[in-house]
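**Q** Dropping a structure here in structure tokens format, bear with me for questions.
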Amino acid sequence: MSYEWEAPPPKRRFPFLTLSLLVIPPLLAALLTAGWVYYGDVERTLASKFEGRRWDFPTKIYSDDYPIYVGASLDRESLVHRLSRLGYRRVPSFPTTRGEYRVVAFPPAVEIRLKAFQYPSYRERGRGVRIETSREGLVSAISDMDSNEVLFDVSLEPAVITGLHGDIQEDRREMQLAEIPVPLVRAIVTVEDRRFFEHFGLDLRGLARAVVVNLRAGGVRQGGSTLTQQLMKNFFLTDDRTVVRKLKEAVMAVVAEKNFSKEEILESYLNEIYLGQKGPVGVHGVWEAAKFYFGCEPRELGMGQIALIAGLVRAPNYYSPHTHPDRALERRNVVLRALLRTGEIDERTYHAALAEPLAVVAPPPATQGSPYFVDNLRRELAETFPDEVLTSEGYSVFTTLDPELQDAAERAVSDGLKRLEQDFPHLSNAANPANPDSGDLQAALVAINPRTGAIIAMVGGRDYRRSQFNRVTDARRQPGSVFKPIVYLAALSSEAPGGVHYLPTTIVQDEPFVWEYDGKQWAPNNYDDEYFGPVTLRHALEHSLNAATASIARDVGIDVVRDMAVRLGIDASIPALPAIALGGWEVSPLEIARVYGVFASGGLATTPITIQKVVSREGLVVEGNRVAIRSEISPADAYLVTNLLEGVVQRGTARGLARLGFTHPAAGKTGTTNDYNDAWFAGYTRDVLAVVWVGFDRGAKLGLTGSTAALPIWAEFMKRAVGATAPRAFEVPDGIVFEDVDRFTGMLAGWGCRDTVREAFLEGEEVSTRCREH
């Protein structure tokens, strides 16, 4: 059987000419009429927008940067985690693109192609660096991978914590048209408005084509809007698909093209265009899109990345590479084919871009990070900047926060409270219906750099979503025994401010007594009413003996103790009452951190800070470093207290730290109030100080000591904070001498003394009497 080829019947052509004659003249007439009515108002409206402030720019809050220097301790796993947080991509081979890194097994090293970032004091241009580590976990060498130049230090850029927005939740960074890569500009113009540089605001050919396509489809399938029309809609109008809105949009587009250049319109469009969503905040403009999807600046984009951003303009959430990678890849390839077809790229570039993976960076968390820290920061900023400035001027606020330690703090608080409720079911509100008003078990943790006062982590409560009350700064609770080191400093001080001067080996009486003052009486009691008689001052602090401590405070003078507390950072409202010696006055955890910061820093008093610098969009420092440091006590006096507090950790109420897995040299003090409502631990190493409080907001009975409730939370945090670093003993200042003494008598150890302490003394005050009791 044979078949004879027959040409198919000619397709019926759609009557474009007829349709154009029917549609376009009435449309033009309507546009002219609308233009005649609205022209004056539109012109004034456009002038105010283009010539005035076009956008409000939110303030961006950044963490501290992360310095790495030769000789510093460096845990590679922690470094990799930091890089991942910042959006760096791990690659198997030599990193060639900014934002890439690889881990080298031998010799141990991490190679990083840094991202470009503008710091307040210098600009990181995006170098490639190689960081080598030793077996001991120290940075042994840093070098530039391209030039082989030896470097002594390098910093990872700070992470964005959050933004301070007004009513409109939009992130953008304004760019001049000349700053935007030409391929990116051409790609967006090609995809969205190919005849942009030819039309007068309306593309009649495109409009007619869209009408035909939509009539054939029986619905809206294609729009005829130009870039100028899209910009007018975004600037002034709604998304309603009505004839009136389209007429206004068209009139505005024509007027805009008459009054402003194509370059001005295009620049505004590229900064205004909506390109995605990060949580509640819209991603606007090509700068934010490049940062959000690829973690780089627009000038660093490859052709595949450019095509993806251009393709997102049509429907950013539908084609989002984060949620719909298959759609995003298909859309990117459609754009690449369009660029090839129009001659914007050649075959080689097309195939190379087609082979690129999407390689987008992970989106940031949808919820605001470090909420208690940010609230405290906003309070500080409000002292200088009105809210309308913070939500519109686009400042960059560089803070003291360490994101890794903030994560560690939040996890330590959350896990620690859950563990307490599991071990002691009466603490769970759900498991304690007999006391429904007690509320949830709460905790607060604040960590600072004792040398600068920089707050590096802050957790003000268990769950910010349920309670925004910041217990670090605003809760005032009795500190219990964490106050006692103030008493001991007053007694030991080389200034000898009190009536009696003590040594660490001075024998004090731990026995019941009545303190009479102002016609009143106060009788301090030990826990469980157990007393130990004559003990050394060290023993009294290590084992937190109330009666012995109160006896010291009485002899030194409660006015002297009160004044010392104020000097170290306690609010001046504290009264000179005997009960303050045992922590019988309400303070905040941040006040306790200030006090212990003086001990940890060798006598320097600092004001806790969260802000390092505030920088304008133009790169000018609007507000500088707020660090305020003054010498409050001598380094030798501070060391005496630190040495005693080391004994608390080694032999006293905090000796459980070692069982909890924290073995670095540390000094600290537990605290438990007489009614067992509050549990504390305040402690520090050479580099980090942290204070933990545990209790109920409404004063319900906790029934636990500081060593049971607060110490484990502190330990878990500090293991993350300094656990991977090399242990460092506390620095011994000039004016300190050591002697081996008997732990019980306080005398120089004799040959028969089996239990001795290497005791610290102010030079010239060391004991000379030899122990003869053993």
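Scheme for the structure tokens: letters A, B, ... for chains in order shown; per-chain residue numbers from 1; ligand numbers from 1 in order shown.
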Quick one: residues within 9 Å of A:Pro108, only C-alpha atoms, excluding same-chain residues fewer than 2 positions away - as JSON, numbers by chain?
**A** {"A": [103, 104, 105, 106, 110, 131, 132, 133, 134, 135]}
**Q** Go ahead and save the residues from that selection, with all heavy atoms, as a compact mmCIF listing (two decimals), in the first residue's frame.
**A**
# COMPACT_ATOMS: atom_id res chain seq x y z
N VAL A 103 38.45 21.50 53.62
CA VAL A 103 39.21 21.03 54.77
C VAL A 103 40.29 20.09 54.26
O VAL A 103 40.00 19.12 53.54
CB VAL A 103 38.30 20.31 55.79
CG1 VAL A 103 39.12 19.77 56.94
CG2 VAL A 103 37.23 21.26 56.29
N VAL A 104 41.53 20.37 54.59
CA VAL A 104 42.67 19.56 54.17
C VAL A 104 43.10 18.68 55.34
O VAL A 104 43.30 19.17 56.46
CB VAL A 104 43.84 20.46 53.72
CG1 VAL A 104 45.03 19.61 53.27
CG2 VAL A 104 43.39 21.39 52.60
N ALA A 105 43.21 17.37 55.07
CA ALA A 105 43.52 16.42 56.15
C ALA A 105 44.98 16.49 56.57
O ALA A 105 45.29 16.47 57.76
CB ALA A 105 43.17 15.00 55.71
N PHE A 106 45.89 16.56 55.59
CA PHE A 106 47.31 16.58 55.94
C PHE A 106 48.09 17.44 54.97
O PHE A 106 47.97 17.27 53.76
CB PHE A 106 47.89 15.16 55.95
CG PHE A 106 49.31 15.09 56.46
CD1 PHE A 106 49.54 15.08 57.83
CD2 PHE A 106 50.38 15.08 55.58
CE1 PHE A 106 50.85 15.04 58.30
CE2 PHE A 106 51.68 15.04 56.05
CZ PHE A 106 51.91 15.02 57.42
N VAL A 110 42.60 24.48 56.85
CA VAL A 110 41.33 24.87 56.22
C VAL A 110 41.65 25.99 55.24
O VAL A 110 42.29 26.99 55.60
CB VAL A 110 40.30 25.35 57.26
CG1 VAL A 110 39.01 25.77 56.57
CG2 VAL A 110 40.03 24.27 58.30
N ILE A 131 44.64 28.35 56.58
CA ILE A 131 44.84 28.37 58.02
C ILE A 131 45.31 26.98 58.45
O ILE A 131 44.56 26.00 58.32
CB ILE A 131 43.54 28.74 58.76
CG1 ILE A 131 43.06 30.12 58.28
CG2 ILE A 131 43.75 28.73 60.26
CD1 ILE A 131 41.66 30.46 58.72
N GLU A 132 46.54 26.88 58.92
CA GLU A 132 47.12 25.61 59.33
C GLU A 132 47.05 25.47 60.85
O GLU A 132 47.23 26.45 61.58
CB GLU A 132 48.57 25.50 58.85
CG GLU A 132 48.71 25.59 57.32
CD GLU A 132 50.16 25.54 56.88
OE1 GLU A 132 50.99 24.97 57.65
OE2 GLU A 132 50.48 26.06 55.80
N THR A 133 46.80 24.26 61.31
CA THR A 133 46.69 24.01 62.75
C THR A 133 47.67 22.93 63.18
O THR A 133 48.04 22.05 62.40
CB THR A 133 45.26 23.58 63.13
OG1 THR A 133 44.88 22.45 62.33
CG2 THR A 133 44.27 24.70 62.87
N SER A 134 48.06 23.00 64.44
CA SER A 134 49.00 22.02 65.00
C SER A 134 48.24 20.89 65.67
O SER A 134 47.01 20.93 65.81
CB SER A 134 49.91 22.71 66.02
OG SER A 134 49.14 23.14 67.14
N ARG A 135 48.96 19.88 66.12
CA ARG A 135 48.33 18.77 66.82
C ARG A 135 47.67 19.22 68.12
O ARG A 135 46.71 18.62 68.59
CB ARG A 135 49.38 17.70 67.14
CG ARG A 135 49.92 16.96 65.92
CD ARG A 135 50.93 15.91 66.35
NE ARG A 135 51.45 15.17 65.22
CZ ARG A 135 52.37 14.21 65.31
NH1 ARG A 135 52.86 13.90 66.51
NH2 ARG A 135 52.79 13.58 64.24
**Q** Write out as an MDAnalysis selection string each polymer residue whose atoms come within 6 Å of A:Glu100, counting only C-alpha atoms; drop sequence neighbours fewer than 6 positions from it.
**A** chainID A and resid 88:90 113
**Q** Keeping only all heavy atoms, write the selected residues to a file as a short mmCIF file (atom, residue, chain, number, x, y, z; two decimals), in the first residue's frame.
**A**
data_model
loop_
_atom_site.label_atom_id
_atom_site.label_comp_id
_atom_site.auth_asym_id
_atom_site.auth_seq_id
_atom_site.Cartn_x
_atom_site.Cartn_y
_atom_site.Cartn_z
N TYR A 88 29.00 29.78 53.73
CA TYR A 88 30.10 29.27 52.91
C TYR A 88 29.78 27.86 52.44
O TYR A 88 29.10 27.10 53.13
CB TYR A 88 31.40 29.26 53.70
CG TYR A 88 32.06 30.62 53.84
CD1 TYR A 88 31.55 31.57 54.72
CD2 TYR A 88 33.19 30.96 53.11
CE1 TYR A 88 32.14 32.82 54.85
CE2 TYR A 88 33.80 32.20 53.24
CZ TYR A 88 33.26 33.13 54.12
OH TYR A 88 33.85 34.36 54.24
N ARG A 89 30.28 27.51 51.25
CA ARG A 89 30.05 26.19 50.67
C ARG A 89 31.33 25.36 50.75
O ARG A 89 32.40 25.82 50.35
CB ARG A 89 29.61 26.31 49.20
CG ARG A 89 28.33 27.08 49.01
CD ARG A 89 27.97 27.16 47.53
NE ARG A 89 29.00 27.86 46.75
CZ ARG A 89 29.08 29.19 46.65
NH1 ARG A 89 28.22 29.94 47.28
NH2 ARG A 89 30.03 29.75 45.92
N ARG A 90 31.20 24.14 51.23
CA ARG A 90 32.35 23.24 51.30
C ARG A 90 32.55 22.60 49.94
O ARG A 90 31.59 22.08 49.34
CB ARG A 90 32.14 22.18 52.37
CG ARG A 90 33.35 21.30 52.60
CD ARG A 90 33.19 20.47 53.85
NE ARG A 90 34.36 19.66 54.12
CZ ARG A 90 34.58 19.01 55.27
NH1 ARG A 90 33.68 19.09 56.25
NH2 ARG A 90 35.68 18.29 55.45
N ARG A 113 38.07 30.81 50.75
CA ARG A 113 37.98 31.98 49.88
C ARG A 113 36.99 32.93 50.55
O ARG A 113 35.78 32.75 50.50
CB ARG A 113 37.51 31.58 48.49
CG ARG A 113 37.53 32.70 47.47
CD ARG A 113 38.93 33.17 47.11
NE ARG A 113 39.76 32.10 46.52
CZ ARG A 113 40.98 32.29 46.04
NH1 ARG A 113 41.52 33.50 46.09
NH2 ARG A 113 41.68 31.29 45.55
#
**Q** Give me the residues near stretch 513-530 of chain A as a list in words, where near means some atom within 9 Å (using only C-alpha atoms) and where sequence neighbours in that chain fewer than 4 positions away do not count.
**A** Ser544, Leu545, Asn546, Ala547, Ala548, Ala550, Ser551, Arg554, Leu577, Pro578, Ala579, Leu582 and Asn674 of chain A
**Q** Enter the distance from atom CA of A:Glu77 to atom CA of A:Pro158, in Å, rounded to one decimal.
**A**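 Straight-line distance from atom CA of A:Glu77 to atom CA of A:Pro158 works out to 18.4 Å.
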**Q** Which neighbours of A:Glu272 fall inside 7 Å, counting only C-alpha atoms, when residues of the same chain fewer than 4 positions from it are skipped, and could you give them as number ranges by chain?
**A** A: 268, 284-285
**Q** A:Leu590: which residues within 6 Å, counting only C-alpha atoms, same-chain residues fewer than 3 positions away excluded, as a PDB file with all heavy atoms, in the first residue's frame?
**A**
ATOM      1  N   VAL A 472      18.005  38.727  82.536  1.00  0.00           N
ATOM      2  CA  VAL A 472      19.405  39.127  82.706  1.00  0.00           C
ATOM      3  C   VAL A 472      19.495  40.575  83.164  1.00  0.00           C
ATOM      4  O   VAL A 472      20.270  40.918  84.066  1.00  0.00           O
ATOM      5  CB  VAL A 472      20.186  38.929  81.388  1.00  0.00           C
ATOM      6  CG1 VAL A 472      21.541  39.620  81.465  1.00  0.00           C
ATOM      7  CG2 VAL A 472      20.375  37.454  81.094  1.00  0.00           C
ATOM      8  N   THR A 473      18.697  41.430  82.548  1.00  0.00           N
ATOM      9  CA  THR A 473      18.812  42.865  82.815  1.00  0.00           C
ATOM     10  C   THR A 473      17.748  43.395  83.759  1.00  0.00           C
ATOM     11  O   THR A 473      17.982  44.375  84.479  1.00  0.00           O
ATOM     12  CB  THR A 473      18.730  43.648  81.496  1.00  0.00           C
ATOM     13  OG1 THR A 473      17.487  43.313  80.827  1.00  0.00           O
ATOM     14  CG2 THR A 473      19.888  43.299  80.577  1.00  0.00           C
ATOM     15  N   ALA A 593      27.490  39.957  86.974  1.00  0.00           N
ATOM     16  CA  ALA A 593      28.517  39.817  85.944  1.00  0.00           C
ATOM     17  C   ALA A 593      29.511  40.973  86.008  1.00  0.00           C
ATOM     18  O   ALA A 593      30.720  40.783  85.816  1.00  0.00           O
ATOM     19  CB  ALA A 593      27.868  39.755  84.561  1.00  0.00           C
TER      20      ALA A 593
END
**Q** Which polymer residues have any atom within 12 Å of an atom of A:Glu773, counting only C-alpha atoms, with same-chain residues fewer than 4 positions away left out, as a ChimeraX atom specification?
**A** /A:742-754,769
**Q** How about saving the chosen residues, N, CA, C and O atoms kept, as a PDB file, in the first residue's frame?
**A**
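In the end it all went to part.pdb:
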ATOM      1  N   ASP A 742      49.073  24.496 105.719  1.00  0.00           N
ATOM      2  CA  ASP A 742      48.123  23.470 106.140  1.00  0.00           C
ATOM      3  C   ASP A 742      46.710  23.987 105.919  1.00  0.00           C
ATOM      4  O   ASP A 742      46.384  25.116 106.283  1.00  0.00           O
ATOM      5  N   ARG A 743      45.864  23.184 105.293  1.00  0.00           N
ATOM      6  CA  ARG A 743      44.532  23.645 104.896  1.00  0.00           C
ATOM      7  C   ARG A 743      43.652  23.969 106.083  1.00  0.00           C
ATOM      8  O   ARG A 743      42.742  24.800 105.975  1.00  0.00           O
ATOM      9  N   PHE A 744      43.899  23.354 107.242  1.00  0.00           N
ATOM     10  CA  PHE A 744      43.018  23.543 108.386  1.00  0.00           C
ATOM     11  C   PHE A 744      43.541  24.583 109.373  1.00  0.00           C
ATOM     12  O   PHE A 744      42.769  25.348 109.948  1.00  0.00           O
ATOM     13  N   THR A 745      44.853  24.632 109.562  1.00  0.00           N
ATOM     14  CA  THR A 745      45.398  25.585 110.533  1.00  0.00           C
ATOM     15  C   THR A 745      45.802  26.909 109.891  1.00  0.00           C
ATOM     16  O   THR A 745      45.915  27.922 110.582  1.00  0.00           O
ATOM     17  N   GLY A 746      46.064  26.901 108.592  1.00  0.00           N
ATOM     18  CA  GLY A 746      46.511  28.111 107.912  1.00  0.00           C
ATOM     19  C   GLY A 746      47.966  28.430 108.134  1.00  0.00           C
ATOM     20  O   GLY A 746      48.457  29.475 107.689  1.00  0.00           O
ATOM     21  N   MET A 747      48.697  27.553 108.800  1.00  0.00           N
ATOM     22  CA  MET A 747      50.118  27.773 109.071  1.00  0.00           C
ATOM     23  C   MET A 747      50.974  27.150 107.968  1.00  0.00           C
ATOM     24  O   MET A 747      50.480  26.322 107.182  1.00  0.00           O
ATOM     25  N   LEU A 748      52.231  27.551 107.942  1.00  0.00           N
ATOM     26  CA  LEU A 748      53.158  26.939 106.992  1.00  0.00           C
ATOM     27  C   LEU A 748      53.162  25.432 107.183  1.00  0.00           C
ATOM     28  O   LEU A 748      53.210  24.943 108.326  1.00  0.00           O
ATOM     29  N   ALA A 749      53.077  24.705 106.064  1.00  0.00           N
ATOM     30  CA  ALA A 749      52.982  23.252 106.152  1.00  0.00           C
ATOM     31  C   ALA A 749      54.265  22.654 106.720  1.00  0.00           C
ATOM     32  O   ALA A 749      55.378  23.007 106.299  1.00  0.00           O
ATOM     33  N   GLY A 750      54.086  21.771 107.699  1.00  0.00           N
ATOM     34  CA  GLY A 750      55.224  21.040 108.235  1.00  0.00           C
ATOM     35  C   GLY A 750      55.326  19.672 107.578  1.00  0.00           C
ATOM     36  O   GLY A 750      54.494  19.293 106.747  1.00  0.00           O
ATOM     37  N   TRP A 751      56.345  18.908 108.013  1.00  0.00           N
ATOM     38  CA  TRP A 751      56.565  17.613 107.340  1.00  0.00           C
ATOM     39  C   TRP A 751      55.417  16.644 107.590  1.00  0.00           C
ATOM     40  O   TRP A 751      55.169  15.739 106.802  1.00  0.00           O
ATOM     41  N   GLY A 752      54.658  16.832 108.646  1.00  0.00           N
ATOM     42  CA  GLY A 752      53.568  15.914 108.944  1.00  0.00           C
ATOM     43  C   GLY A 752      52.228  16.356 108.386  1.00  0.00           C
ATOM     44  O   GLY A 752      51.232  15.634 108.520  1.00  0.00           O
ATOM     45  N   CYS A 753      52.161  17.526 107.737  1.00  0.00           N
ATOM     46  CA  CYS A 753      50.883  18.036 107.197  1.00  0.00           C
ATOM     47  C   CYS A 753      50.560  17.316 105.889  1.00  0.00           C
ATOM     48  O   CYS A 753      51.319  17.424 104.907  1.00  0.00           O
ATOM     49  N   ARG A 754      49.467  16.568 105.892  1.00  0.00           N
ATOM     50  CA  ARG A 754      49.096  15.787 104.706  1.00  0.00           C
ATOM     51  C   ARG A 754      48.144  16.532 103.769  1.00  0.00           C
ATOM     52  O   ARG A 754      48.044  16.212 102.600  1.00  0.00           O
ATOM     53  N   THR A 769      54.600  31.281 110.639  1.00  0.00           N
ATOM     54  CA  THR A 769      54.530  30.269 111.700  1.00  0.00           C
ATOM     55  C   THR A 769      54.343  28.887 111.099  1.00  0.00           C
ATOM     56  O   THR A 769      53.449  28.683 110.266  1.00  0.00           O
TER      57      THR A 769
END
**Q** What does the distance between atom CA of A:Pro727 and atom CA of A:Val150 come to in Å, to one decimal place?
**A**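 Interatomic distance here is 27.1 Å.
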**Q** Using DSSP on the backbone coordinates, identify all residues within stretch 611-731 of chain A classified as strand (DSSP E or B); present the result as a ChimeraX atom specification.
**A** /A:611-615,621-623,629-631,667-672,678-684,689-696
**Q** Which of these, A:Phe236, A:Val244, A:Arg123, A:Arg172, has the shortest distance to A:Leu275 once you count only C-alpha atoms?
**A**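 Among the listed residues, A:Arg172 lies closest to A:Leu275.
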**Q** Here is a test: counting only C-alpha atoms, which residue of A:Asn333, A:Thr226, A:Asn677, A:Ser707 is nearest to A:Pro357?
**A**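 The shortest atom-to-atom distance to A:Pro357 comes from A:Asn333.
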**Q** Counting only C-alpha atoms, which of A:Pro183, A:Gly461, A:Pro325, A:Gly343 gets nearest to A:Ala307?
**A**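 Closest to A:Ala307 of all the choices is A:Pro183.
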**Q** Suppose you want the space between atom CA of A:Ala362 and atom CA of A:Lys291; what is it in Å?
**A**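 Computing it gives 11.0 Å between the two atoms.
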**Q** Just asking: which residues within stretch 625-728 of chain A are alpha helix (DSSP H) according to DSSP, as an MDAnalysis selection string?
**A** chainID A and resid 635:650 706:709 711:722
**Q** Rank nothing, just name the residue among A:Asp64, A:Val595, A:Tyr395, A:Phe532 nearest to A:Ile455, using only C-alpha atoms.
**A** A:Asp64
